[in-house]
Each structure stands twice: as C-alpha cells, then as structure tokens.
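Report on the following structure.
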Amino acid sequence: MQVDTDRLRADIEANAEFGDVAAEEGRGRTVLCGTEANRQAREYFVERLEDAGLSVEIDAIGNISGTWTPDSADGDAAPVAFGSHLDSVPEGGIFDGPLGVYAALESARAMQDAAVEPERPVVVVSFTEEEGQRFADGLLGSSVSVGERTVEEALALEDSDGVTLGDALDDIGFRGDGLLDASEWDAWYELHIEQDTQLERADVPVGVVTTITGITHCEATVFGEANHAGATPMDERTDALAAAAEFVLDVERAANGVVAESSDSAVGTVGSLDVSPNATNVVPGRVEMGVDVRDVEYQSMQTIVGAARESLTRLETERGVDTEFERPFDLEPTPMADRLREAAHAAGETAGIETMDMHSGAAHDTMHVADVTDAALLFAPSRDGISHNPREWTDWDDCAAATRVLAGAVADAAGGRL
C-alpha cells in the first residue's frame, strides 16, 4: 500500500486553520473542546470521513467515529479502530492529535485505493477532550469509552465559567447519542508525534511503543511559622520554603538514583509550589507542592514516592516543620499488545521503513483503551522534541512513513487481503 502524502498534508494543514494563532516561529492553534474552532475542526473531519465513504457516528460526549465496512468484512465482527484527537492546548502545534486522526483516515483511504479486503470493519476515531484544557483533566473521551467515567458524569463537568460539557457540545452541534464502546473493538492503534528526541537521535522514522509510562501525582505540604523577615532571628525561624527547597532536591536526588541504579526512564518532578503568605518581608509559613513521578517500571515509581515521604519525615525532625503527603492520582505503566507491536514492525519491514522499540513518557488515549482491548501506540519524530508549542514539527515524509506503517499494521490486524 502507498499513502498519499499530499492528501495527508492537505488535511493536516486545513485543520491547522481552525483556531489558528499568530506565532513568531512555526504555526500554532488553540482548539479547546466545545469552542467554535473545535466545531470547525469537527465538521471538516466529518466531511472528510463521509468523502471516503465511511459511516459517521457521534456519541453522547462528542466522540466521532467513521466506520468502513467493505463487502469483504463481516459486519458483526469486532472492528479494528484507530485514531487520536483534534483538540489542542492553548497555542499548541498542528501535529499533536491531528496527525493521528488524519493518518488513520489516510490509512483507510490507502487500503481502499489498494483494494485491500479486510475481514473486519475498520473504524477511524477522534476522541473528545484529550488535552483536558477545558473539561476534566485529560483523556476524557477515552475514559468514557472504556467505562472509567459515565456519560452523565462527563456531561456534567464544568469549565472555569460554569459551562458544562453537555452545553458546550450542544452549542457546537456535537452532542450525539449512544456510546463509543472501546471494549467492542478487536484492536486499537494510535499514531502520535513522539514529543521527545529518541527517534530524531536514532534517525528512525517510526517508533513502536513497548510501554506507556505510569504516572503518579502527589501533593506535599510543609507547615512552618510565618513571621517578620526582619525581626525574626535566623535561629528562631521555622521557614516552610527553606524546608520545601530541601524536599525538591530530595525528589530530584531520588529520581537520579533510580536512573543510575535500575531504570533510566524514571523521572521525578516537583512542578508546582504555592507559597504562603508569599510576601517578600515575611518568613514563609506554608508551602504546597505538586509532585509528578513517571516510569515504565512501577517499582521505580514506588521508590521515588517512598523517598519523598522519607524526606518529609526527615524535615519534620531536622527543621521542626509539620508536613502532609497525599497521593491522589496513581496510574500504573501500560504495556502494549505484543501481536499489534509485531504487526507494526512487520509492516515497516514490508514497506522498507525502519522501526524501533521505545517507551512513551507521555499519557495518551491508548492508556485507557488498553484496559479493555489489545492496543498499540506508534510514534513519528518530533523535531528537537518540541511539542505543545507552535514550533512543534514533524517532517511530511516522516508523517507519511509512519502512516504507511500504521496502514499496514491495521490492515494486518483487520485480516486484510490484497
């Protein structure tokens, strides 16, 4: 099979017009769920699905699917689905999400052009609110599709202005009926930009993900005593921020230790601090911190979290502060299905396109889908590893190469015959 690079590029560039934002360098877009820009992106996508002869459905939370059921396919067989998302972060790039959506559509068109005869239906999908910039915390559409959140819970979610997801979808005409049920699929593939530099450094056009990283979010609070910065002697202070600074370095040290000893993919980050009363002339009395820990090995994550707890215990003893620690979000690493990974490598070999195994350090809808059916994630290179930024860029030839591997893998999973 051959993919039409010009057709794929035209779709992605057309999508880039929706929510287009001015940028000094690169090309940016802001497409938040339920906005006018989102409506335009959705409508264009639906038109392209219909142009390709796919049967379009929109579910109750706005997930869009286009199904191709040729005469060769058993309409009752579990389908093979693939896709990604159309929403963006504020002032994001043009490839994050849309590459996966339009690569899936182009793969379906390539199968049609090559007269591939799949035994199963093929479904092209765009999930609602993957980025989590307006409603919930990300991966919303896929979380409902796998039953981790109900339709009613999703529709009741509110943005910062009190607008519900249900009302926003009504406003743009994309609140449909029923539910896109991922558990009914035989397999799922997603193609995404890498958002890192592993492929670029290796000069390989396609990555086949072995495992999607686990993610833990922790909340650490240090309580000291707020006091006058000028009148409080240094040896009489209980400075919450000074103690918090040690905690930040302890988390970094723990992550570096895990990397050196057991898992080079482990990361630990203290990414947010809320200092109170946050005044120049006041010794800080309280600091709230947000901690992000990730790895493809869950035990490595546990080690870093354990070190964070031990740090707080030490600070209570050595600095006289009080502390609290909570772990509100904990997602274990998600392995990808071997049969789908092998199909992707085989598709690359058949097409003469090099592929390589790698892990994903970012979350994707595939994490949810893998809970209910076999799933796989493919990557295309990101120039300089930049994403969520107008400078985000993936060469068109790399887009086409990754799409060709995707098409071959999906055709294999669907039992396609030439």
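Naming works like this for the structure tokens: A, B, ... for the chains as they're shown, residue 1 at the start of each chain, ligands 1 onward in shown order.
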- Sel. of strand (DSSP E or B) residues, segment 147-272 of chain A, as a PyMOL selection string: chain A and resi 158+164+187-193+206-212+214-223+227-228+267-272
Segment 155-290 of chain A: which residues are alpha helix (DSSP H) by DSSP, as an NGL selection string? :A and (155 or 165-172 or 198-202 or 240-261)
If we count only C-alpha atoms, what is near segment 205-210 of chain A at a cut-off of 6 Å, once residues fewer than 4 positions away on the same chain are taken out, given as a list in words?
-> Met336, Thr355, Met356, Asp357, Met358, His359, Leu377, Leu378, Phe379, Ala380, Asp398 and Ala402 of chain A
Discussion item. Which residues are close to His368 of chain A, i.e. within 8 Å by only C-alpha atoms, leaving aside same-chain residues fewer than 3 positions away? Reply as a list in words.
Written reply: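 Contacts, with the query itself left out: Leu139, Ser142, Ser143, Val146, His364, Asp365, Asp371 and Val372 of chain A.
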Nearest to Phe127 of chain A: which of A:Ser160, A:Gln40, A:Thr366, A:Asn15 is it, counting only C-alpha atoms?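 Smallest distance to Phe127 of chain A is found for A:Thr366.
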Could you list, as a VMD selection string, every residue within 7 Å of segment 222-238 of chain A, counting only C-alpha atoms and ignoring same-chain residues fewer than 6 positions away?
chain A and resid 244 281 to 288 319 to 324
Name all residues at most 12 Å from Ala400 of chain A (count only C-alpha atoms; drop same-chain ones fewer than 4 positions away) and give them as an mmCIF file with N, CA, C and O atoms, in the first residue's frame.
data_model
loop_
_atom_site.group_PDB
_atom_site.id
_atom_site.type_symbol
_atom_site.label_atom_id
_atom_site.label_comp_id
_atom_site.auth_asym_id
_atom_site.auth_seq_id
_atom_site.Cartn_x
_atom_site.Cartn_y
_atom_site.Cartn_z
ATOM 1 N N MET A 1 0.837 -1.202 0.000
ATOM 2 C CA MET A 1 0.000 0.000 0.000
ATOM 3 C C MET A 1 0.871 1.250 0.000
ATOM 4 O O MET A 1 1.933 1.293 0.625
ATOM 5 N N GLN A 2 0.387 2.249 -0.674
ATOM 6 C CA GLN A 2 1.028 3.560 -0.678
ATOM 7 C C GLN A 2 0.063 4.588 -0.093
ATOM 8 O O GLN A 2 -1.137 4.549 -0.372
ATOM 9 N N VAL A 3 0.585 5.496 0.722
ATOM 10 C CA VAL A 3 -0.257 6.575 1.220
ATOM 11 C C VAL A 3 -0.016 7.805 0.357
ATOM 12 O O VAL A 3 1.044 7.965 -0.251
ATOM 13 N N ASP A 4 -1.017 8.663 0.290
ATOM 14 C CA ASP A 4 -0.927 9.890 -0.492
ATOM 15 C C ASP A 4 -0.434 11.004 0.431
ATOM 16 O O ASP A 4 -1.204 11.582 1.202
ATOM 17 N N THR A 5 0.861 11.304 0.359
ATOM 18 C CA THR A 5 1.454 12.301 1.245
ATOM 19 C C THR A 5 0.796 13.663 1.076
ATOM 20 O O THR A 5 0.552 14.377 2.058
ATOM 21 N N ASP A 6 0.515 14.042 -0.163
ATOM 22 C CA ASP A 6 -0.104 15.348 -0.415
ATOM 23 C C ASP A 6 -1.500 15.422 0.194
ATOM 24 O O ASP A 6 -1.894 16.462 0.741
ATOM 25 N N ARG A 7 -2.252 14.335 0.119
ATOM 26 C CA ARG A 7 -3.606 14.315 0.678
ATOM 27 C C ARG A 7 -3.562 14.398 2.199
ATOM 28 O O ARG A 7 -4.344 15.128 2.820
ATOM 29 N N LEU A 8 -2.629 13.667 2.807
ATOM 30 C CA LEU A 8 -2.457 13.718 4.254
ATOM 31 C C LEU A 8 -2.044 15.116 4.699
ATOM 32 O O LEU A 8 -2.595 15.667 5.662
ATOM 33 N N ARG A 9 -1.095 15.691 3.991
ATOM 34 C CA ARG A 9 -0.625 17.037 4.342
ATOM 35 C C ARG A 9 -1.743 18.056 4.194
ATOM 36 O O ARG A 9 -1.909 18.940 5.055
ATOM 37 N N ILE A 12 -4.064 17.911 7.245
ATOM 38 C CA ILE A 12 -3.474 18.458 8.469
ATOM 39 C C ILE A 12 -3.342 19.973 8.376
ATOM 40 O O ILE A 12 -3.602 20.700 9.343
ATOM 41 N N LEU A 99 -2.351 14.564 13.597
ATOM 42 C CA LEU A 99 -1.601 13.587 12.811
ATOM 43 C C LEU A 99 -2.216 12.203 12.974
ATOM 44 O O LEU A 99 -2.427 11.482 11.991
ATOM 45 N N GLY A 100 -2.540 11.830 14.207
ATOM 46 C CA GLY A 100 -3.110 10.513 14.435
ATOM 47 C C GLY A 100 -4.487 10.337 13.834
ATOM 48 O O GLY A 100 -4.828 9.266 13.318
ATOM 49 N N TYR A 102 -5.801 12.052 11.161
ATOM 50 C CA TYR A 102 -5.776 12.040 9.697
ATOM 51 C C TYR A 102 -4.878 10.944 9.130
ATOM 52 O O TYR A 102 -5.078 10.509 7.989
ATOM 53 N N ALA A 103 -3.918 10.475 9.914
ATOM 54 C CA ALA A 103 -3.167 9.287 9.482
ATOM 55 C C ALA A 103 -4.084 8.073 9.465
ATOM 56 O O ALA A 103 -3.979 7.214 8.576
ATOM 57 N N ALA A 104 -4.999 7.997 10.434
ATOM 58 C CA ALA A 104 -5.964 6.896 10.437
ATOM 59 C C ALA A 104 -6.872 6.977 9.218
ATOM 60 O O ALA A 104 -7.107 5.973 8.527
ATOM 61 N N GLU A 106 -6.233 8.519 6.379
ATOM 62 C CA GLU A 106 -5.434 8.261 5.177
ATOM 63 C C GLU A 106 -5.112 6.779 5.051
ATOM 64 O O GLU A 106 -5.062 6.242 3.937
ATOM 65 N N SER A 107 -4.927 6.088 6.174
ATOM 66 C CA SER A 107 -4.696 4.647 6.127
ATOM 67 C C SER A 107 -5.908 3.919 5.559
ATOM 68 O O SER A 107 -5.774 3.002 4.743
ATOM 69 N N ALA A 110 -5.931 4.557 1.929
ATOM 70 C CA ALA A 110 -4.879 3.785 1.263
ATOM 71 C C ALA A 110 -5.312 2.337 1.085
ATOM 72 O O ALA A 110 -5.039 1.719 0.041
ATOM 73 N N LEU A 191 -1.450 6.622 16.294
ATOM 74 C CA LEU A 191 -0.195 7.229 15.853
ATOM 75 C C LEU A 191 -0.131 8.632 16.437
ATOM 76 O O LEU A 191 -1.105 9.388 16.344
ATOM 77 N N PRO A 205 12.315 6.742 11.417
ATOM 78 C CA PRO A 205 11.067 7.468 11.190
ATOM 79 C C PRO A 205 9.866 7.001 11.997
ATOM 80 O O PRO A 205 8.873 7.724 12.093
ATOM 81 N N VAL A 206 9.919 5.787 12.568
ATOM 82 C CA VAL A 206 8.740 5.257 13.251
ATOM 83 C C VAL A 206 9.143 4.546 14.540
ATOM 84 O O VAL A 206 10.017 3.669 14.532
ATOM 85 N N ALA A 351 7.353 -2.455 4.067
ATOM 86 C CA ALA A 351 7.402 -1.172 3.343
ATOM 87 C C ALA A 351 8.815 -0.629 3.207
ATOM 88 O O ALA A 351 9.015 0.413 2.561
ATOM 89 N N ILE A 353 10.607 0.516 5.728
ATOM 90 C CA ILE A 353 10.675 1.651 6.640
ATOM 91 C C ILE A 353 11.180 1.151 7.984
ATOM 92 O O ILE A 353 10.605 0.244 8.583
ATOM 93 N N PHE A 379 4.868 6.111 17.107
ATOM 94 C CA PHE A 379 5.365 7.486 17.168
ATOM 95 C C PHE A 379 6.016 7.889 15.849
ATOM 96 O O PHE A 379 6.673 7.080 15.184
ATOM 97 N N ALA A 380 5.842 9.166 15.502
ATOM 98 C CA ALA A 380 6.594 9.806 14.423
ATOM 99 C C ALA A 380 7.515 10.831 15.067
ATOM 100 O O ALA A 380 7.187 11.387 16.128
ATOM 101 N N PRO A 381 8.667 11.139 14.464
ATOM 102 C CA PRO A 381 9.656 12.007 15.115
ATOM 103 C C PRO A 381 9.149 13.434 15.326
ATOM 104 O O PRO A 381 8.377 13.974 14.537
ATOM 105 N N THR A 394 6.884 17.903 12.590
ATOM 106 C CA THR A 394 7.234 16.570 12.099
ATOM 107 C C THR A 394 7.282 16.644 10.582
ATOM 108 O O THR A 394 6.318 17.093 9.951
ATOM 109 N N ASP A 395 8.405 16.267 9.995
ATOM 110 C CA ASP A 395 8.552 16.363 8.540
ATOM 111 C C ASP A 395 7.459 15.563 7.839
ATOM 112 O O ASP A 395 7.067 14.486 8.296
ATOM 113 N N TRP A 396 6.998 16.080 6.716
ATOM 114 C CA TRP A 396 5.899 15.439 5.994
ATOM 115 C C TRP A 396 6.265 14.037 5.540
ATOM 116 O O TRP A 396 5.422 13.132 5.542
ATOM 117 N N ARG A 404 2.165 4.994 6.664
ATOM 118 C CA ARG A 404 2.255 3.765 5.862
ATOM 119 C C ARG A 404 2.426 2.546 6.762
ATOM 120 O O ARG A 404 1.827 1.488 6.511
ATOM 121 N N VAL A 405 3.224 2.687 7.823
ATOM 122 C CA VAL A 405 3.370 1.591 8.786
ATOM 123 C C VAL A 405 2.039 1.347 9.496
ATOM 124 O O VAL A 405 1.615 0.195 9.691
ATOM 125 N N LEU A 406 1.374 2.428 9.871
ATOM 126 C CA LEU A 406 0.067 2.301 10.518
ATOM 127 C C LEU A 406 -0.916 1.564 9.619
ATOM 128 O O LEU A 406 -1.623 0.648 10.069
ATOM 129 N N ALA A 407 -0.972 1.958 8.370
ATOM 130 C CA ALA A 407 -1.907 1.334 7.430
ATOM 131 C C ALA A 407 -1.631 -0.164 7.292
ATOM 132 O O ALA A 407 -2.560 -0.987 7.298
#
For this session: Counting only C-alpha atoms, figure out which residue out of A:Trp68, A:Phe174, A:Phe95, A:Tyr44 gets nearest to Asn389 of chain A.
Result: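 So, comparing all the options, the nearest one is A:Phe95.
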